[in-house]
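This is run-v8.cif (mmCIF, C-alpha atoms).
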```cif
data_data
loop_
_atom_site.group_PDB
_atom_site.id
_atom_site.type_symbol
_atom_site.label_atom_id
_atom_site.label_comp_id
_atom_site.auth_asym_id
_atom_site.auth_seq_id
_atom_site.Cartn_x
_atom_site.Cartn_y
_atom_site.Cartn_z
ATOM 1 C CA MET A 1 -11.659 -9.413 0.826
ATOM 2 C CA VAL A 2 -9.390 -7.874 -1.807
ATOM 3 C CA ILE A 3 -7.077 -5.209 -0.377
ATOM 4 C CA LEU A 4 -4.971 -2.794 -2.391
ATOM 5 C CA GLY A 5 -1.909 -1.645 -0.434
ATOM 6 C CA ILE A 6 -0.333 1.639 -1.481
ATOM 7 C CA ASP A 7 3.034 3.191 -0.656
ATOM 8 C CA PRO A 8 2.641 6.812 -1.820
ATOM 9 C CA GLY A 9 5.288 8.760 -3.676
ATOM 10 C CA TYR A 10 5.550 11.032 -6.688
ATOM 11 C CA ALA A 11 8.488 9.359 -8.430
ATOM 12 C CA ILE A 12 7.446 5.842 -7.427
ATOM 13 C CA VAL A 13 4.102 4.685 -6.037
ATOM 14 C CA GLY A 14 4.257 1.126 -4.784
ATOM 15 C CA TYR A 15 1.145 -1.014 -5.015
ATOM 16 C CA GLY A 16 0.276 -4.520 -3.951
ATOM 17 C CA ALA A 17 -3.030 -6.339 -4.094
ATOM 18 C CA VAL A 18 -3.822 -9.273 -1.820
ATOM 19 C CA GLU A 19 -6.835 -11.417 -1.215
ATOM 20 C CA TYR A 20 -7.632 -12.228 2.398
ATOM 21 C CA ARG A 21 -10.110 -15.076 2.869
ATOM 22 C CA GLN A 22 -10.640 -17.336 5.873
ATOM 23 C CA GLY A 23 -7.398 -16.241 7.495
ATOM 24 C CA ARG A 24 -5.315 -16.850 4.377
ATOM 25 C CA LEU A 25 -3.405 -14.303 2.329
ATOM 26 C CA ARG A 26 -2.900 -14.647 -1.406
ATOM 27 C CA PRO A 27 -0.975 -12.149 -3.532
ATOM 28 C CA LEU A 28 -2.849 -10.940 -6.613
ATOM 29 C CA GLY A 29 -0.241 -8.608 -8.044
ATOM 30 C CA TYR A 30 2.241 -5.920 -7.187
ATOM 31 C CA GLY A 31 4.494 -3.357 -8.792
ATOM 32 C CA ALA A 32 5.045 0.355 -9.039
ATOM 33 C CA ILE A 33 3.733 3.371 -10.845
ATOM 34 C CA THR A 34 6.751 5.375 -11.932
ATOM 35 C CA THR A 35 6.826 8.898 -13.241
ATOM 36 C CA PRO A 36 9.772 10.320 -15.180
ATOM 37 C CA ALA A 37 12.047 12.826 -13.486
ATOM 38 C CA GLY A 38 12.163 16.225 -15.088
ATOM 39 C CA ILE A 39 8.508 16.543 -16.032
ATOM 40 C CA PRO A 40 6.346 19.051 -14.159
ATOM 41 C CA LEU A 41 4.745 17.861 -10.919
ATOM 42 C CA GLN A 42 1.213 18.355 -12.265
ATOM 43 C CA LYS A 43 1.924 15.930 -15.125
ATOM 44 C CA ARG A 44 3.340 13.405 -12.678
ATOM 45 C CA LEU A 45 0.218 13.748 -10.535
ATOM 46 C CA LEU A 46 -2.038 13.267 -13.560
ATOM 47 C CA GLU A 47 -0.166 10.088 -14.497
ATOM 48 C CA ILE A 48 -0.394 8.754 -10.929
ATOM 49 C CA HIS A 49 -4.126 9.486 -10.821
ATOM 50 C CA GLN A 50 -4.827 7.787 -14.150
ATOM 51 C CA ASP A 51 -2.702 4.749 -13.266
ATOM 52 C CA MET A 52 -4.415 4.438 -9.862
ATOM 53 C CA LEU A 53 -7.824 4.392 -11.542
ATOM 54 C CA THR A 54 -6.550 1.623 -13.838
ATOM 55 C CA LEU A 55 -5.257 -0.396 -10.864
ATOM 56 C CA VAL A 56 -8.534 -0.032 -8.975
ATOM 57 C CA ASP A 57 -10.446 -1.147 -12.062
ATOM 58 C CA GLN A 58 -8.075 -4.103 -12.498
ATOM 59 C CA PHE A 59 -8.083 -5.427 -8.914
ATOM 60 C CA GLN A 60 -11.556 -4.274 -7.789
ATOM 61 C CA PRO A 61 -10.456 -3.884 -4.145
ATOM 62 C CA GLU A 62 -12.941 -3.842 -1.322
ATOM 63 C CA ALA A 63 -10.531 -1.705 0.709
ATOM 64 C CA ALA A 64 -7.274 0.155 0.280
ATOM 65 C CA SER A 65 -4.495 0.408 2.833
ATOM 66 C CA VAL A 66 -2.425 3.565 2.458
ATOM 67 C CA GLU A 67 0.796 4.215 4.331
ATOM 68 C CA GLU A 68 0.721 7.534 6.170
ATOM 69 C CA LEU A 69 3.354 10.102 5.313
ATOM 70 C CA PHE A 70 6.511 10.163 7.355
ATOM 71 C CA PHE A 71 8.364 13.478 7.219
ATOM 72 C CA ASN A 72 12.051 13.086 7.768
ATOM 73 C CA THR A 73 14.124 16.151 6.948
ATOM 74 C CA ASN A 74 13.139 17.218 3.432
ATOM 75 C CA VAL A 75 9.872 19.133 3.759
ATOM 76 C CA THR A 76 9.820 20.010 0.029
ATOM 77 C CA THR A 77 9.837 16.341 -0.930
ATOM 78 C CA GLY A 78 7.227 15.665 1.742
ATOM 79 C CA ILE A 79 4.899 18.247 0.250
ATOM 80 C CA ALA A 80 5.216 16.719 -3.237
ATOM 81 C CA VAL A 81 4.510 13.271 -1.786
ATOM 82 C CA GLY A 82 1.498 14.785 -0.022
ATOM 83 C CA HIS A 83 0.203 15.988 -3.386
ATOM 84 C CA ALA A 84 0.657 12.502 -4.839
ATOM 85 C CA ARG A 85 -1.121 11.001 -1.858
ATOM 86 C CA GLY A 86 -4.004 13.383 -2.507
ATOM 87 C CA VAL A 87 -4.508 12.222 -6.081
ATOM 88 C CA ILE A 88 -4.249 8.595 -4.918
ATOM 89 C CA LEU A 89 -7.005 9.182 -2.362
ATOM 90 C CA LEU A 90 -9.049 11.011 -5.022
ATOM 91 C CA ALA A 91 -8.822 7.996 -7.353
ATOM 92 C CA LEU A 92 -9.957 5.705 -4.521
ATOM 93 C CA ALA A 93 -12.866 8.024 -3.719
ATOM 94 C CA GLN A 94 -13.879 8.194 -7.384
ATOM 95 C CA ARG A 95 -14.194 4.387 -7.397
ATOM 96 C CA ASN A 96 -15.860 4.271 -3.959
ATOM 97 C CA VAL A 97 -13.038 2.256 -2.398
ATOM 98 C CA PRO A 98 -12.819 2.824 1.368
ATOM 99 C CA PHE A 99 -9.275 3.508 2.477
ATOM 100 C CA PHE A 100 -7.530 2.975 5.772
ATOM 101 C CA GLU A 101 -4.339 4.687 6.861
ATOM 102 C CA TYR A 102 -1.522 3.113 8.824
ATOM 103 C CA THR A 103 1.705 4.537 10.165
ATOM 104 C CA PRO A 104 4.993 2.837 9.273
ATOM 105 C CA ALA A 105 5.192 1.568 12.878
ATOM 106 C CA GLN A 106 1.692 0.046 12.682
ATOM 107 C CA ILE A 107 2.611 -1.733 9.439
ATOM 108 C CA LYS A 108 5.846 -3.067 10.930
ATOM 109 C CA GLN A 109 3.977 -4.252 14.031
ATOM 110 C CA ALA A 110 1.315 -6.038 11.970
ATOM 111 C CA VAL A 111 3.815 -7.767 9.689
ATOM 112 C CA THR A 112 6.677 -8.621 12.067
ATOM 113 C CA GLY A 113 5.200 -8.258 15.540
ATOM 114 C CA TYR A 114 7.644 -5.429 16.300
ATOM 115 C CA GLY A 115 6.865 -1.779 15.499
ATOM 116 C CA ARG A 116 10.517 -0.807 15.143
ATOM 117 C CA ALA A 117 11.571 -3.672 12.885
ATOM 118 C CA GLU A 118 14.224 -3.045 10.261
ATOM 119 C CA LYS A 119 13.072 -2.609 6.671
ATOM 120 C CA ARG A 120 14.752 -5.873 5.631
ATOM 121 C CA GLN A 121 12.831 -7.789 8.334
ATOM 122 C CA VAL A 122 9.526 -6.353 7.116
ATOM 123 C CA MET A 123 10.319 -7.230 3.519
ATOM 124 C CA GLU A 124 11.355 -10.792 4.376
ATOM 125 C CA MET A 125 8.287 -11.366 6.568
ATOM 126 C CA THR A 126 6.013 -9.985 3.838
ATOM 127 C CA ARG A 127 7.622 -12.409 1.377
ATOM 128 C CA SER A 128 7.107 -15.273 3.807
ATOM 129 C CA LEU A 129 3.492 -14.439 4.698
ATOM 130 C CA LEU A 130 2.564 -14.208 1.022
ATOM 131 C CA LYS A 131 4.588 -17.318 0.110
ATOM 132 C CA LEU A 132 6.541 -15.452 -2.555
ATOM 133 C CA LYS A 133 9.764 -16.909 -3.933
ATOM 134 C CA LYS A 134 11.632 -13.643 -3.542
ATOM 135 C CA ILE A 135 11.201 -10.224 -1.995
ATOM 136 C CA PRO A 136 9.129 -8.006 -4.298
ATOM 137 C CA ARG A 137 10.960 -5.261 -6.163
ATOM 138 C CA PRO A 138 11.060 -2.335 -6.108
ATOM 139 C CA ASP A 139 11.079 -1.815 -2.340
ATOM 140 C CA ASP A 140 7.985 0.377 -2.746
ATOM 141 C CA ALA A 141 6.004 -2.657 -3.974
ATOM 142 C CA ALA A 142 7.137 -4.673 -0.939
ATOM 143 C CA ASP A 143 6.082 -1.774 1.302
ATOM 144 C CA ALA A 144 2.676 -1.650 -0.370
ATOM 145 C CA LEU A 145 2.177 -5.393 0.110
ATOM 146 C CA ALA A 146 3.115 -4.963 3.782
ATOM 147 C CA ALA A 147 0.456 -2.233 4.065
ATOM 148 C CA ALA A 148 -2.123 -4.600 2.568
ATOM 149 C CA VAL A 149 -1.113 -7.369 4.995
ATOM 150 C CA CYS A 150 -1.419 -4.858 7.842
ATOM 151 C CA HIS A 151 -4.981 -4.053 6.857
ATOM 152 C CA ALA A 152 -5.856 -7.739 6.481
ATOM 153 C CA HIS A 153 -4.731 -8.358 10.055
ATOM 154 C CA SER A 154 -6.416 -5.201 11.309
ATOM 155 C CA ALA A 155 -9.692 -5.944 9.513
ATOM 156 C CA ALA A 156 -9.664 -9.510 10.862
ATOM 157 C CA SER A 157 -9.203 -8.179 14.391
ATOM 158 C CA ARG A 158 -12.053 -5.703 13.958
ATOM 159 C CA MET A 159 -14.366 -8.464 12.712
ATOM 160 C CA LEU A 160 -13.554 -10.604 15.749
ATOM 161 C CA ILE A 161 -14.211 -7.699 18.081
ATOM 162 C CA ASP A 162 -17.481 -6.865 16.296
ATOM 163 C CA GLY A 163 -18.531 -10.520 16.399
ATOM 164 C CA ARG A 164 -18.698 -10.900 12.631
ATOM 165 C CA PRO A 165 -17.290 -13.958 10.865
#
```
Represent the structure of the file as structure tokens.
Amino acid sequence: MVILGIDPGYAIVGYGAVEYRQGRLRPLGYGAITTPAGIPLQKRLLEIHQDMLTLVDQFQPEAASVEELFFNTNVTTGIAVGHARGVILLALAQRNVPFFEYTPAQIKQAVTGYGRAEKRQVMEMTRSLLKLKKIPRPDDAADALAAAVCHAHSAASRMLIDGRP
């Protein structure tokens, strides 16, 4: 199964594609969609949407794992990220890619075994699980890979419960 992990944002959207076969994870690619500061939000959203369609066409994922939004203190930023998340989900829907949402705690739990792990622990464990030489940069790409790993583990658990191979 090819999984596209996504860490939503409007300045930076992290992405990471992994293949999960027979209990093994293999990284296929990762990086970030970046949009320039100072341009109107609608142009940033258009660029994110177009780049997401390109990524889906490139990796041909069977599923996408999208990190749920976490509102801290800046609601205005959260709303803009919500808009970006919407165009990301639209691009997935346009290419018929099923998506699954995970909270930051669920991703941390799946990757490190501890739902309140520090960011550095998650990044190092993601690097280790994917047998990468170094932690992916930017951090958003590492977060996206962690989301993909989370879905791989979650999907594997569901298949065991359902009795499928």
Please measure the separation of atom CA of Ala148 of chain A and atom CA of Gly23 of chain A, giving the value in Å to one decimal.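 For atom CA of Ala148 of chain A relative to atom CA of Gly23 of chain A, the distance reads 13.7 Å.
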Using all atoms listed in the file, the residue out of A:Glu68, A:Asp139, A:Glu124, A:Glu47 with shortest distance to Val111 of chain A is A:Glu124
Any idea what the distance is between atom CA of Arg44 of chain A and atom CA of Val81 of chain A?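 Value for the atom CA of Arg44 of chain A-atom CA of Val81 of chain A distance: 11.0 Å.
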Here's the selection I'm unsure about, the PyMOL selection byres ((chain A and resi 6-19) around 7); applied to the file above, which residues does it give, as a PyMOL selection string? chain A and resi 1-5+20-21+25-36+44+65-67+80-81+84-85+140-141+143-145+147-148
Around segment 28-40 of chain A, with edges along x, y and z and 6 Å added on all six sides, what centre and edge lengths do you get, in Å to one decimal, as JSON?
```
{"center_x": 4.7, "center_y": 4.1, "center_z": -11.3, "size_x": 27.0, "size_y": 42.0, "size_z": 21.4}
```
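Residues in contact with Leu53 of chain A at 9 Å, where only C-alpha atoms are counted and same-chain residues fewer than 4 positions away are skipped, are listed as Ile48, His49, Asp57, Gln58, Ile88, Ala91, Leu92, Gln94 and Arg95 of chain A.
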Check which residues satisfy the PyMOL selection byres ((chain A and resi 126) around 8) in the file shown, then give them as a PyMOL selection string. chain A and resi 111+122-125+127-130+135+142+145-146+149
Just want the 10 Å neighbourhood of Phe70 of chain A, counted on only C-alpha atoms, with same-chain residues fewer than 6 positions away dropped. Output as an MDAnalysis selection string. chainID A and resid 78 81 103:104
Write the residues of the selection above to a file with C-alpha atoms, as a PDB file, in the coordinates of the input.
```pdb
ATOM      1  CA  GLY A  78       7.227  15.665   1.742  1.00  0.00           C
ATOM      2  CA  VAL A  81       4.510  13.271  -1.786  1.00  0.00           C
ATOM      3  CA  THR A 103       1.705   4.537  10.165  1.00  0.00           C
ATOM      4  CA  PRO A 104       4.993   2.837   9.273  1.00  0.00           C
TER       5      PRO A 104
END
```
Using all atoms listed in the file, which residue out of A:Ile79, A:Val56, A:Ala63, A:Val87 lies closest to Lys43 of chain A? A:Val87
Which distance in Å separates atom CA of Gln121 of chain A and atom CA of Lys108 of chain A, to one decimal?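 We find that atom CA of Gln121 of chain A and atom CA of Lys108 of chain A lie 8.8 Å from each other.
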Using only C-alpha atoms, find the one residue out of A:Pro138, A:His151, A:Gln50, A:Ala37 that sits nearest to Leu90 of chain A.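 Smallest distance to Leu90 of chain A is found for A:Gln50.
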